[in-house]
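Okay, structure first, notes after.
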Amino acid sequence: MSLQRPTIHDVASRAGMSKSLVSLALSGSPKVSESSRRRILRAASELGYRRNAAARSLAVNRSRTIGVLVLDLHNPVFAEILDALQAEVRQHSFSMMLVSGGADAALEKTEIGTLQEFQIEGLILISHQLPAEFLGQVASEVPTVTVTRSDISVAGMDTVSNDDVAGAGLAVDHLVSLGHTRITHLDGGDNPVSHLRAQGYREAMARHGLKSHTTQVSGGLSDQAGYVAAKKALGSSPTALFVANDFSAMGAIAAVEEAGLDVPGDISIIGYDGISLGGLRSVNLTSVAQPLAELGRLAATRLLERIETPGGKAHHDHVASEVIVRGTTGPAPAHP
């Protein structure tokens, strides 16, 4: 049995039609009658014919493929954004190539170079570690949209992000509404998003007249970092913890409970991101929830617009978050 793949010539022969007509039919051209199209598609199906994507993109000078770089494949925040993004581009007949640099800027550059070798028509960066000069170079070569980060402004590069300053303010507002004044922030470490959330915390505390109660403890974005930061924070006897993200908040809950304290009876805890926990109701975490699907859809929309209409002023979109109240926040305790 021959292992040779069927060609477009084989399809044409099987259908009894010209190669050019077969090519038009397989490209979805309206110039082909419906009866001829069905005959050609049936012949292609019987032969097991698949079009050569690389050859097709060279012929029409379009790959109808976008590249996506994800900072961390294990982060459910990015996964939810990615799901919505993929659904949107598929509706416009685009495919997607996914890579990750694992928070390594050098590796991210290499991966982007690989995507460009495949003639991608656009690039979406779901967070990144890249410097502005490199981003400027990439955006000048291929339509580019960055999701979650808005701290770098590059000509011709759109950004789509959550308003982290406002979101942190919502967390403080929620805790203050419950009577809390000793609110400590466990920050997310040295990264742009965490800096914005810490800024929002400080501004909100000042707005509520609680500047003298402002306490920020250095932490990180993992459950272990949240656990360690919470143990440090307990020394200042807070009644509430605003934690930089949901993973870190889970670590903070473990530290508080290990100290023999009740959540939220003794200490309320609120996280950030609103990640999907796969139906694990036992976590029951109050969180500032980002509209993750909206971030993905909007990023795809901006990229498709820029692909179809190159050039023009960059858009910088901010989406709003909301507080999802669950079981880890409650009224401030009556005891000091």
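In the structure tokens, chains take letters A, B, ... by order of appearance, with residues numbered from 1 within each chain and ligands from 1 in the order shown.
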(message) Which residues are close to Phe134 of chain A, i.e. within 10 Å by only C-alpha atoms, leaving aside same-chain residues fewer than 4 positions away? Reply as JSON, numbers by chain.
(response) {"A": [109, 130, 138, 139, 140, 154]}
Can I get the selected residues back with N, CA and C atoms, as a short mmCIF file (atom, residue, chain, number, x, y, z; two decimals), in the first residue's frame?
data_model
loop_
_atom_site.label_atom_id
_atom_site.label_comp_id
_atom_site.auth_asym_id
_atom_site.auth_seq_id
_atom_site.Cartn_x
_atom_site.Cartn_y
_atom_site.Cartn_z
N LYS A 109 11.76 35.81 23.68
CA LYS A 109 12.23 36.35 22.39
C LYS A 109 12.42 35.24 21.36
N LEU A 130 9.18 41.11 28.50
CA LEU A 130 9.95 41.72 27.43
C LEU A 130 10.14 43.23 27.61
N VAL A 138 8.91 44.24 17.55
CA VAL A 138 7.94 43.21 17.18
C VAL A 138 6.66 43.84 16.62
N ALA A 139 6.17 44.88 17.32
CA ALA A 139 4.93 45.52 16.90
C ALA A 139 5.06 46.18 15.53
N SER A 140 6.28 46.56 15.16
CA SER A 140 6.50 47.15 13.84
C SER A 140 6.51 46.09 12.74
N VAL A 154 3.83 51.32 23.58
CA VAL A 154 4.59 51.17 22.35
C VAL A 154 3.72 51.60 21.18
#
(message) Show me, as a list in words, the residues that have an atom within 9 Å of Leu73 of chain A when counting only C-alpha atoms, minus same-chain residues fewer than 3 positions from it.
(response)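 The residues satisfying every condition are Val70, Pro76, Phe78, Ala79, Val99, Ser100 and Gly102 of chain A.
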Would you save the residues of that selection, restricted to C-alpha atoms, as a short mmCIF file (atom, residue, chain, number, x, y, z; two decimals), in the first residue's frame?
data_model
loop_
_atom_site.label_atom_id
_atom_site.label_comp_id
_atom_site.auth_asym_id
_atom_site.auth_seq_id
_atom_site.Cartn_x
_atom_site.Cartn_y
_atom_site.Cartn_z
CA VAL A 70 1.57 32.91 27.49
CA PRO A 76 -5.72 29.43 35.43
CA PHE A 78 -4.24 32.94 31.64
CA ALA A 79 -6.09 29.74 30.73
CA VAL A 99 4.05 29.09 23.04
CA SER A 100 5.34 29.95 26.51
CA GLY A 102 8.10 30.51 31.31
#
Could you make a table, as JSON lines, of the residues of segment 200-311 of chain A that have an atom within 6 Å of an atom of segment 159-181 of chain A, each with its nearest atom pair and distance in Å to one decimal, counting only C-alpha atoms, in chain and number order?
{"residue": "A:Gly200", "atom": "CA", "partner": "A:Val165", "partner_atom": "CA", "distance": 4.0}
{"residue": "A:Tyr201", "atom": "CA", "partner": "A:Ala168", "partner_atom": "CA", "distance": 5.3}
{"residue": "A:Ala204", "atom": "CA", "partner": "A:Gly169", "partner_atom": "CA", "distance": 5.1}
Same residues, N, CA and C atoms, output as a short mmCIF file (atom, residue, chain, number, x, y, z; two decimals), in the first residue's frame:
data_model
loop_
_atom_site.label_atom_id
_atom_site.label_comp_id
_atom_site.auth_asym_id
_atom_site.auth_seq_id
_atom_site.Cartn_x
_atom_site.Cartn_y
_atom_site.Cartn_z
N GLY A 200 -3.25 50.77 44.48
CA GLY A 200 -4.69 50.90 44.70
C GLY A 200 -5.06 50.72 46.16
N TYR A 201 -4.38 49.80 46.84
CA TYR A 201 -4.61 49.59 48.28
C TYR A 201 -4.27 50.86 49.06
N ALA A 204 -6.76 53.70 48.40
CA ALA A 204 -8.07 53.44 49.00
C ALA A 204 -8.02 53.62 50.52
#
